[in-house]
Each structure stands twice: as structure tokens, then as C-alpha cells.
$ cat model.csv   # CSV, C-alpha atoms
chain,number,residue,atom,x,y,z
B,1,MET,CA,-8.2,3.0,16.6
B,2,GLN,CA,-8.0,6.8,16.2
B,3,PRO,CA,-6.8,8.6,19.3
B,4,PRO,CA,-9.4,11.0,20.9
B,5,GLU,CA,-7.2,14.0,20.4
B,6,ALA,CA,-7.5,13.5,16.6
B,7,GLY,CA,-11.2,14.0,16.8
B,8,ARG,CA,-13.9,11.5,15.8
B,9,PRO,CA,-13.1,9.0,13.1
B,10,VAL,CA,-14.4,9.7,9.6
B,11,VAL,CA,-15.7,6.9,7.4
B,12,GLN,CA,-16.5,7.0,3.7
B,13,PHE,CA,-18.8,4.8,1.6
B,14,ARG,CA,-20.5,4.9,-1.7
B,15,HIS,CA,-24.3,4.5,-2.3
B,16,CYS,CA,-26.7,5.5,-5.1
B,17,GLY,CA,-24.0,7.1,-7.1
B,18,LYS,CA,-22.7,9.4,-4.3
B,19,GLU,CA,-19.7,9.5,-2.0
B,20,VAL,CA,-20.8,9.8,1.6
B,21,PHE,CA,-18.6,10.9,4.5
B,22,GLY,CA,-19.7,10.7,8.1
B,23,PHE,CA,-18.7,9.8,11.6
B,24,ARG,CA,-20.7,6.5,11.4
B,25,VAL,CA,-22.4,4.2,8.9
B,26,PRO,CA,-26.2,4.7,9.2
B,27,GLU,CA,-28.8,2.1,8.7
B,28,LEU,CA,-30.4,4.2,6.0
B,29,CYS,CA,-28.6,6.0,3.2
B,30,PRO,CA,-28.8,9.7,3.9
B,31,VAL,CA,-29.4,10.4,0.2
B,32,CYS,CA,-32.0,7.8,-1.0
B,33,ARG,CA,-33.3,6.8,2.5
B,34,ARG,CA,-33.1,3.1,1.6
B,35,PRO,CA,-31.4,0.5,3.8
B,36,LEU,CA,-27.7,0.4,3.1
B,37,SER,CA,-26.2,-2.6,1.3
B,38,PHE,CA,-22.8,-2.8,-0.4
B,39,GLY,CA,-22.7,-5.1,-3.4
B,40,LYS,CA,-19.3,-4.1,-4.5
B,41,LEU,CA,-16.0,-4.0,-2.5
B,42,ASP,CA,-15.3,-0.4,-3.6
B,43,GLU,CA,-18.6,0.8,-2.2
B,44,ALA,CA,-18.0,-0.6,1.3
B,45,PRO,CA,-17.2,1.7,4.2
B,46,VAL,CA,-13.6,2.6,4.7
B,47,SER,CA,-11.9,4.7,7.4
B,48,ILE,CA,-10.3,8.0,6.4
B,49,ALA,CA,-6.9,8.5,8.0
B,50,THR,CA,-6.6,11.8,9.8
B,51,PRO,CA,-3.6,14.0,9.0
B,52,LEU,CA,-3.6,15.2,12.6
B,53,SER,CA,-1.8,13.4,15.4
B,54,SER,CA,-0.6,13.9,18.9
B,55,GLY,CA,2.8,15.5,18.7
B,56,HIS,CA,3.7,13.9,22.0
B,57,ARG,CA,3.5,10.5,20.4
B,58,GLU,CA,5.9,11.6,17.6
B,59,ARG,CA,9.6,11.1,17.9
B,60,CYS,CA,12.1,13.4,16.2
B,61,ALA,CA,9.5,15.4,14.3
B,62,PHE,CA,8.6,18.9,13.2
B,63,LEU,CA,5.2,19.9,14.5
B,64,LEU,CA,2.7,22.5,13.5
B,65,ARG,CA,-0.3,23.6,15.4
B,66,PRO,CA,-2.5,26.8,15.9
B,67,THR,CA,-1.0,29.2,18.4
B,68,ARG,CA,-4.4,29.2,20.1
B,69,GLY,CA,-7.0,26.5,20.1
B,70,THR,CA,-7.0,23.4,17.9
B,71,PHE,CA,-7.2,22.7,14.2
B,72,LEU,CA,-10.6,21.0,14.2
B,73,ARG,CA,-12.3,23.5,16.5
B,74,ASP,CA,-10.7,26.8,16.1
B,75,TYR,CA,-8.4,27.2,13.1
B,76,ASN,CA,-9.8,29.4,10.3
B,77,GLY,CA,-6.9,29.3,7.8
B,78,ASN,CA,-5.6,32.7,8.7
B,79,ALA,CA,-4.7,32.3,12.4
B,80,ASP,CA,-1.1,32.2,13.6
B,81,LEU,CA,0.6,28.9,13.7
B,82,HIS,CA,3.3,27.7,16.1
B,83,VAL,CA,5.9,25.1,15.4
B,84,GLY,CA,8.3,22.9,17.5
B,85,ILE,CA,10.6,19.9,17.4
B,86,THR,CA,10.1,16.7,19.4
B,87,ASN,CA,12.8,14.7,21.1
B,88,THR,CA,12.7,10.9,21.3
B,89,CYS,CA,10.2,11.0,24.2
B,90,GLY,CA,7.7,13.3,22.6
B,91,ILE,CA,8.7,16.4,24.5
B,92,VAL,CA,8.1,19.4,22.2
B,93,TYR,CA,10.9,22.0,22.1
B,94,ASN,CA,9.6,25.3,20.9
B,95,TYR,CA,10.5,29.0,21.0
B,96,ASN,CA,8.6,32.2,21.7
B,97,GLU,CA,9.0,35.5,23.4
B,98,GLN,CA,9.5,33.8,26.7
B,99,GLY,CA,12.4,31.7,25.4
B,100,VAL,CA,12.6,27.9,24.8
B,101,HIS,CA,9.8,25.7,26.2
B,102,ARG,CA,9.9,21.9,26.7
B,103,ASP,CA,6.2,21.0,26.5
B,104,GLU,CA,4.9,17.7,27.7
B,105,ALA,CA,1.3,18.6,26.8
B,106,GLY,CA,-0.5,21.0,24.5
B,107,TRP,CA,0.4,19.5,21.1
B,108,GLU,CA,-2.2,16.8,21.1
B,109,GLN,CA,-3.6,17.9,17.7
B,110,SER,CA,-0.7,18.7,15.4
B,111,ILE,CA,0.5,18.3,11.8
B,112,SER,CA,3.6,16.1,12.1
B,113,ILE,CA,6.5,15.9,9.7
B,114,PRO,CA,9.0,13.1,10.6
B,115,LEU,CA,12.7,14.3,10.4
B,116,LEU,CA,14.5,11.0,10.6
B,117,GLN,CA,14.3,7.8,8.6
B,118,PRO,CA,13.4,4.7,10.7
B,119,ASN,CA,16.9,3.2,10.2
B,120,MET,CA,18.9,6.3,11.3
B,121,PHE,CA,19.7,4.8,14.7
B,122,GLY,CA,23.0,6.5,15.2
B,123,LEU,CA,21.5,10.0,14.8
B,124,MET,CA,18.4,9.1,16.9
B,125,ASP,CA,20.7,8.1,19.8
B,126,GLN,CA,22.3,11.6,19.7
B,127,TRP,CA,19.0,13.5,18.9
B,128,ASP,CA,18.1,14.5,22.4
B,129,LYS,CA,21.6,15.6,23.2
B,130,TYR,CA,21.8,17.7,20.1
B,131,LEU,CA,18.4,19.2,20.7
B,132,GLU,CA,19.1,20.1,24.3
B,133,GLU,CA,22.5,21.6,23.6
B,134,PHE,CA,21.1,23.6,20.7
B,135,SER,CA,18.2,24.9,22.8
B,136,ALA,CA,20.4,26.0,25.6
B,137,THR,CA,22.4,28.5,23.5
B,138,ASP,CA,22.0,32.3,23.9
B,139,ALA,CA,20.6,32.5,20.4
B,140,TRP,CA,17.2,31.4,21.9
B,141,SER,CA,17.0,33.7,24.9
B,142,PRO,CA,13.8,35.7,25.3
B,143,ASN,CA,15.4,39.0,24.4
B,144,ARG,CA,16.5,37.7,21.0
B,145,TYR,CA,12.9,36.8,20.0
B,146,ASP,CA,11.4,38.8,17.1
B,147,GLU,CA,8.0,37.9,15.8
B,148,HIS,CA,9.0,38.3,12.1
B,149,CYS,CA,12.6,37.3,11.8
B,150,HIS,CA,13.7,35.3,14.9
B,151,ASN,CA,10.7,33.2,15.9
B,152,CYS,CA,9.5,29.6,16.4
B,153,TYR,CA,10.0,28.8,12.8
B,154,THR,CA,13.6,30.2,12.9
B,155,PHE,CA,14.3,28.0,15.9
B,156,ALA,CA,13.0,24.8,14.3
B,157,LEU,CA,14.6,25.3,10.9
B,158,THR,CA,17.9,26.3,12.3
B,159,PHE,CA,18.0,23.1,14.3
B,160,ILE,CA,17.1,21.1,11.2
B,161,ASN,CA,19.9,22.7,9.3
B,162,TYR,CA,22.2,22.1,12.3
B,163,ILE,CA,21.4,18.4,12.0
B,164,LEU,CA,21.9,18.4,8.2
B,165,THR,CA,25.3,20.1,8.6
B,166,THR,CA,26.3,17.5,11.2
B,167,GLU,CA,25.4,14.8,8.7
B,168,GLY,CA,27.2,16.5,5.9
B,169,LYS,CA,24.0,17.3,4.0
B,170,HIS,CA,22.6,20.2,2.1
B,171,GLN,CA,20.9,22.9,4.2
B,172,LEU,CA,17.3,24.0,3.5
B,173,ASP,CA,16.2,27.6,3.3
B,174,ARG,CA,12.7,28.5,4.7
B,175,ASP,CA,11.0,28.5,1.3
B,176,GLU,CA,12.4,25.2,0.3
B,177,PHE,CA,11.5,23.5,3.5
B,178,THR,CA,8.0,24.9,3.6
B,179,GLU,CA,7.2,24.1,0.0
B,180,LYS,CA,8.7,20.6,0.1
B,181,PHE,CA,7.5,19.4,3.5
B,182,VAL,CA,5.0,21.7,5.1
B,183,VAL,CA,2.7,22.8,2.3
B,184,PRO,CA,1.6,19.3,1.1
B,185,ARG,CA,0.7,18.2,4.7
B,186,SER,CA,-1.0,21.5,5.4
B,187,ARG,CA,-3.1,21.3,2.3
B,188,ARG,CA,-4.3,17.8,3.2
B,189,ALA,CA,-5.1,18.9,6.7
B,190,SER,CA,-7.1,21.9,5.4
B,191,LYS,CA,-9.2,19.6,3.3
B,192,TYR,CA,-9.8,17.3,6.2
B,193,ILE,CA,-10.7,20.1,8.6
B,194,THR,CA,-13.3,21.4,6.0
B,195,LEU,CA,-14.7,17.9,5.6
B,196,TYR,CA,-14.8,17.3,9.4
B,197,ARG,CA,-16.6,20.5,10.1
B,198,ALA,CA,-19.2,19.9,7.3
B,199,ILE,CA,-20.0,16.5,8.9
B,200,GLU,CA,-20.3,18.1,12.3
B,201,GLU,CA,-22.7,20.7,10.9
B,202,HIS,CA,-24.9,18.5,8.7
B,203,GLY,CA,-24.4,15.0,9.9
B,204,PHE,CA,-22.9,13.8,6.6
B,205,TYR,CA,-20.9,15.3,3.7
B,206,ILE,CA,-22.3,14.1,0.4
B,207,THR,CA,-20.7,14.6,-3.0
B,208,ASP,CA,-20.8,13.2,-6.5
B,209,ARG,CA,-18.8,10.0,-7.0
B,210,LEU,CA,-15.1,10.9,-7.3
B,211,ASP,CA,-13.1,9.9,-10.3
B,212,SER,CA,-10.2,7.6,-9.8
B,213,ASP,CA,-7.8,10.5,-10.5
B,214,THR,CA,-9.6,12.7,-7.9
B,215,ASN,CA,-9.1,12.5,-4.2
B,216,LEU,CA,-11.0,14.7,-1.8
B,217,LEU,CA,-8.2,14.3,0.7

$ encode --input "model.csv" --output "C-alpha cells"
Amino acid sequence: MQPPEAGRPVVQFRHCGKEVFGFRVPELCPVCRRPLSFGKLDEAPVSIATPLSSGHRERCAFLLRPTRGTFLRDYNGNADLHVGITNTCGIVYNYNEQGVHRDEAGWEQSISIPLLQPNMFGLMDQWDKYLEEFSATDAWSPNRYDEHCHNCYTFALTFINYILTTEGKHQLDRDEFTEKFVVPRSRRASKYITLYRAIEEHGFYITDRLDSDTNLL
């Protein structure tokens, strides 16, 4: 079941040559107005997985959310974004002009990028210690904050590189990390948000049947 903070669940089905997306499966097709029946397995309703999740349920992850509001309700593609790092209990460490915060709420609708493989038990055991010690250094005091060059993204990426160095691995610069990890998930989230809002406005989102090589999300 989809958690409430991720919004209403979206379902997709095929009928009368169309792809239909909605929050429910209606009795009548919204295109042809005939009773729905699904003669083929690939026409039957399926749930669309949301790319948004509660950051407080994510362990050892990089999180992204709007600075104000939520993705589904408020984000317009140009608004400022805020990032943070979760510990093993879902507490979000993040940095702004007031210093380092340890949020137990407020990240219920985030884009999440896991930073550890499931089998990295040794590093996971040390994760909270590393994150707390890193966050307590003078580098992240309020007076060091700069909106453009020493901000929340600097905090998160510096911690990621600190972990990579500890593990004897190659560090990532901002462009490399963004392009490899952030951009793909952000693009999918953007498509999902557009779809979600269209369903909210019109009841359903209807498009021509997608080719096998084409994926709306």
C-alpha cells in the first residue's frame, strides 16, 4: 500500500486503444463510455510506483525536497530545493543558514537516493557515528553558510565524499554526482508530478497507446 505522504495511488489501464491513468478504475471507460472489461493481461489495471517516499523511512540516503511546500502540491520546476542525509533511524541531517538540523519530520515527500548497498553492514554500523561527528565540525556552523558555494548540497556531497574516502573509493564532484544519481530520479519525479496533477485536474490522464520502447514514467 502506498503511504499517504506519497499522495494518492495512481493506476494505469488500457482500453479502446488508449492508455488511461487515474486514481481509480471506473465502471465505465472515460473514453468510450462502455463498461470496462480487460480481455488481455497487458490491458488490466496496474499500479504505478511513485518516485516519492518519506525520507524518514529511508536509511543512509540522500534526500531531495522543495525548500517550501511539497513536490505534488507546490513544486513548479524552478523553486529552490533542499537536500539532506538520513541516518539509520530516518533522522535527516541537513544544513542551512542556521547550521545543521536533525529533522525527525518534514521530509515526508522526498526523492530518495540510497547511498549504501544492502550488504554493507560494517559501514552501516558506523554510519550514525560518522554522520554525527561530521555534522559537529566547525565547517557547518551558521556563519560559514553561503547560499551559492557552502550550502545544503555542499554539506551532503562533502559527507558522501568523506565516506568514499574512508572506504578508499573515488570521490565525486558535484556535476558527476548530480548527473549520475540526481538527474535520473528527478526526471522521473517530474514526469510523475505532471501526470499526478493532470489526473487531479481532469479526473483521468488519457494518451495514445504507448510503444514498448516508450515509457511515460

$ residues_around --input "model.csv" --residues "stretch 85-100 of chain B" --least-positions-apart "2" --cutoff "6 Å" --atoms "all atoms listed in the file" --output "list in words"
His56, Arg57, Glu58, Arg59, Cys60, Ala61, Phe62, Arg102, Asp103, Glu104, Asp128, Trp140, Ser141, Pro142, Tyr145 and Cys152 of chain B

$ atom_distance --input "model.csv" --atom1 "atom CA of B:Leu172" --atom2 "atom CA of B:Pro118"
21.0 Å

$ atom_distance --input "model.csv" --atom1 "atom CA of B:Ser54" --atom2 "atom CA of B:Thr70"
11.5 Å

$ residues_around --input "model.csv" --residues "B:Phe177" --least-positions-apart "6" --cutoff "12 Å" --atoms "all atoms listed in the file" --output "MDAnalysis selection string"
chainID B and resid 62 113 115 153:154 156:158 160:161 170:171 183:184

$ atom_distance --input "model.csv" --atom1 "atom CA of B:Ser190" --atom2 "atom CA of B:Gln109"
13.4 Å

$ residues_around --input "model.csv" --residues "B:Glu19" --least-positions-apart "2" --cutoff "9 Å" --atoms "only C-alpha atoms" --output "ChimeraX atom specification"
/B:12-17,21,43,205-210

$ write_last_selection --input "model.csv" --atoms "C-alpha atoms" --output "PDB file, in the coordinates of the input"
ATOM      1  CA  GLN B  12     -16.500   7.000   3.700  1.00  0.00           C
ATOM      2  CA  PHE B  13     -18.800   4.800   1.600  1.00  0.00           C
ATOM      3  CA  ARG B  14     -20.500   4.900  -1.700  1.00  0.00           C
ATOM      4  CA  HIS B  15     -24.300   4.500  -2.300  1.00  0.00           C
ATOM      5  CA  CYS B  16     -26.700   5.500  -5.100  1.00  0.00           C
ATOM      6  CA  GLY B  17     -24.000   7.100  -7.100  1.00  0.00           C
ATOM      7  CA  PHE B  21     -18.600  10.900   4.500  1.00  0.00           C
ATOM      8  CA  GLU B  43     -18.600   0.800  -2.200  1.00  0.00           C
ATOM      9  CA  TYR B 205     -20.900  15.300   3.700  1.00  0.00           C
ATOM     10  CA  ILE B 206     -22.300  14.100   0.400  1.00  0.00           C
ATOM     11  CA  THR B 207     -20.700  14.600  -3.000  1.00  0.00           C
ATOM     12  CA  ASP B 208     -20.800  13.200  -6.500  1.00  0.00           C
ATOM     13  CA  ARG B 209     -18.800  10.000  -7.000  1.00  0.00           C
ATOM     14  CA  LEU B 210     -15.100  10.900  -7.300  1.00  0.00           C
TER      15      LEU B 210
END

$ closest_residue --input "model.csv" --among "B:Pro51, B:Pro45, B:Gly106, B:Gly122" --to "B:Val20" --atoms "only C-alpha atoms"
B:Pro45

$ residues_around --input "model.csv" --residues "B:Leu195" --least-positions-apart "3" --cutoff "9 Å" --atoms "all atoms listed in the file" --output "PyMOL selection string"
chain B and resi 21+190-192+198-200+205+216-217

$ residues_around --input "model.csv" --residues "B:Arg65" --least-positions-apart "2" --cutoff "10 Å" --atoms "all atoms listed in the file" --output "ChimeraX atom specification"
/B:52,55,63,67-71,75,80-84,106-112

$ closest_residue --input "model.csv" --among "B:Cys32, B:Asp175, B:Lys18, B:Ser53" --to "B:Pro114" --atoms "all atoms listed in the file"
B:Ser53

$ decode --input "model.csv" --residues "stretch 194-208 of chain B" --atoms "all heavy atoms" --output "compact mmCIF listing (two decimals), in the first residue's frame"
# COMPACT_ATOMS: atom_id res chain seq x y z
N THR B 194 3.74 15.81 -13.08
CA THR B 194 2.90 16.31 -14.17
C THR B 194 1.69 15.41 -14.37
O THR B 194 0.55 15.89 -14.54
CB THR B 194 3.72 16.39 -15.47
OG1 THR B 194 4.82 17.29 -15.27
CG2 THR B 194 2.86 16.89 -16.62
N LEU B 195 1.92 14.10 -14.37
CA LEU B 195 0.83 13.13 -14.52
C LEU B 195 -0.15 13.25 -13.37
O LEU B 195 -1.38 13.29 -13.57
CB LEU B 195 1.42 11.72 -14.58
CG LEU B 195 0.43 10.55 -14.57
CD1 LEU B 195 -0.39 10.55 -15.84
CD2 LEU B 195 1.17 9.23 -14.42
N TYR B 196 0.35 13.31 -12.16
CA TYR B 196 -0.49 13.37 -10.96
C TYR B 196 -1.39 14.60 -10.98
O TYR B 196 -2.60 14.52 -10.70
CB TYR B 196 0.41 13.38 -9.73
CG TYR B 196 -0.31 13.19 -8.41
CD1 TYR B 196 -0.40 11.92 -7.84
CD2 TYR B 196 -0.88 14.26 -7.74
CE1 TYR B 196 -1.05 11.73 -6.63
CE2 TYR B 196 -1.53 14.08 -6.54
CZ TYR B 196 -1.62 12.82 -5.99
OH TYR B 196 -2.27 12.64 -4.80
N ARG B 197 -0.83 15.74 -11.34
CA ARG B 197 -1.61 16.98 -11.35
C ARG B 197 -2.65 16.96 -12.47
O ARG B 197 -3.76 17.51 -12.32
CB ARG B 197 -0.68 18.18 -11.50
CG ARG B 197 0.16 18.42 -10.24
CD ARG B 197 1.12 19.57 -10.43
NE ARG B 197 1.89 19.81 -9.22
CZ ARG B 197 2.92 20.65 -9.16
NH1 ARG B 197 3.29 21.34 -10.24
NH2 ARG B 197 3.58 20.82 -8.02
N ALA B 198 -2.32 16.34 -13.60
CA ALA B 198 -3.30 16.23 -14.69
C ALA B 198 -4.49 15.38 -14.25
O ALA B 198 -5.64 15.69 -14.58
CB ALA B 198 -2.63 15.62 -15.93
N ILE B 199 -4.22 14.30 -13.52
CA ILE B 199 -5.31 13.46 -13.01
C ILE B 199 -6.15 14.24 -12.01
O ILE B 199 -7.39 14.17 -12.03
CB ILE B 199 -4.74 12.18 -12.37
CG1 ILE B 199 -4.02 11.33 -13.42
CG2 ILE B 199 -5.87 11.37 -11.73
CD1 ILE B 199 -3.26 10.15 -12.83
N GLU B 200 -5.50 14.98 -11.14
CA GLU B 200 -6.23 15.79 -10.17
C GLU B 200 -7.16 16.79 -10.86
O GLU B 200 -8.28 17.02 -10.43
CB GLU B 200 -5.26 16.55 -9.26
CG GLU B 200 -4.69 15.74 -8.13
CD GLU B 200 -4.04 16.61 -7.08
OE1 GLU B 200 -3.34 17.57 -7.46
OE2 GLU B 200 -4.23 16.34 -5.88
N GLU B 201 -6.69 17.38 -11.95
CA GLU B 201 -7.45 18.42 -12.64
C GLU B 201 -8.58 17.85 -13.49
O GLU B 201 -9.68 18.40 -13.52
CB GLU B 201 -6.52 19.25 -13.52
CG GLU B 201 -7.23 20.40 -14.25
CD GLU B 201 -6.28 21.27 -15.04
OE1 GLU B 201 -5.05 21.04 -14.97
OE2 GLU B 201 -6.76 22.20 -15.73
N HIS B 202 -8.32 16.73 -14.17
CA HIS B 202 -9.28 16.24 -15.16
C HIS B 202 -9.94 14.91 -14.76
O HIS B 202 -10.85 14.46 -15.47
CB HIS B 202 -8.57 16.05 -16.50
CG HIS B 202 -7.92 17.29 -17.02
ND1 HIS B 202 -8.64 18.39 -17.46
CD2 HIS B 202 -6.61 17.62 -17.17
CE1 HIS B 202 -7.80 19.34 -17.86
NE2 HIS B 202 -6.56 18.90 -17.69
N GLY B 203 -9.51 14.31 -13.70
CA GLY B 203 -10.07 13.03 -13.30
C GLY B 203 -9.28 11.84 -13.84
O GLY B 203 -9.10 10.84 -13.14
N PHE B 204 -8.83 11.98 -15.10
CA PHE B 204 -8.01 10.94 -15.74
C PHE B 204 -7.01 11.62 -16.66
O PHE B 204 -7.22 12.76 -17.09
CB PHE B 204 -8.86 9.96 -16.55
CG PHE B 204 -9.80 9.13 -15.72
CD1 PHE B 204 -11.11 9.55 -15.52
CD2 PHE B 204 -9.37 7.96 -15.13
CE1 PHE B 204 -11.98 8.79 -14.74
CE2 PHE B 204 -10.22 7.20 -14.36
CZ PHE B 204 -11.54 7.61 -14.16
N TYR B 205 -5.92 10.92 -16.94
CA TYR B 205 -5.00 11.35 -17.98
C TYR B 205 -5.02 10.28 -19.07
O TYR B 205 -4.79 9.10 -18.79
CB TYR B 205 -3.58 11.52 -17.44
CG TYR B 205 -2.59 11.94 -18.49
CD1 TYR B 205 -2.47 13.28 -18.87
CD2 TYR B 205 -1.77 11.01 -19.13
CE1 TYR B 205 -1.57 13.68 -19.85
CE2 TYR B 205 -0.87 11.40 -20.11
CZ TYR B 205 -0.78 12.73 -20.47
OH TYR B 205 0.11 13.11 -21.44
N ILE B 206 -5.34 10.69 -20.30
CA ILE B 206 -5.54 9.74 -21.40
C ILE B 206 -4.57 10.08 -22.52
O ILE B 206 -4.42 11.24 -22.92
CB ILE B 206 -6.99 9.82 -21.91
CG1 ILE B 206 -7.96 9.50 -20.77
CG2 ILE B 206 -7.20 8.86 -23.09
CD1 ILE B 206 -9.39 9.90 -21.06
N THR B 207 -3.90 9.04 -23.03
CA THR B 207 -2.95 9.24 -24.11
C THR B 207 -3.03 8.05 -25.06
O THR B 207 -3.61 7.01 -24.75
CB THR B 207 -1.51 9.40 -23.57
OG1 THR B 207 -0.62 9.72 -24.63
CG2 THR B 207 -1.04 8.11 -22.90
N ASP B 208 -2.46 8.23 -26.25
CA ASP B 208 -2.41 7.12 -27.19
C ASP B 208 -1.60 5.98 -26.61
O ASP B 208 -0.70 6.19 -25.79
CB ASP B 208 -1.79 7.57 -28.52
CG ASP B 208 -2.70 8.54 -29.27
OD1 ASP B 208 -3.93 8.48 -29.06
OD2 ASP B 208 -2.18 9.37 -30.04
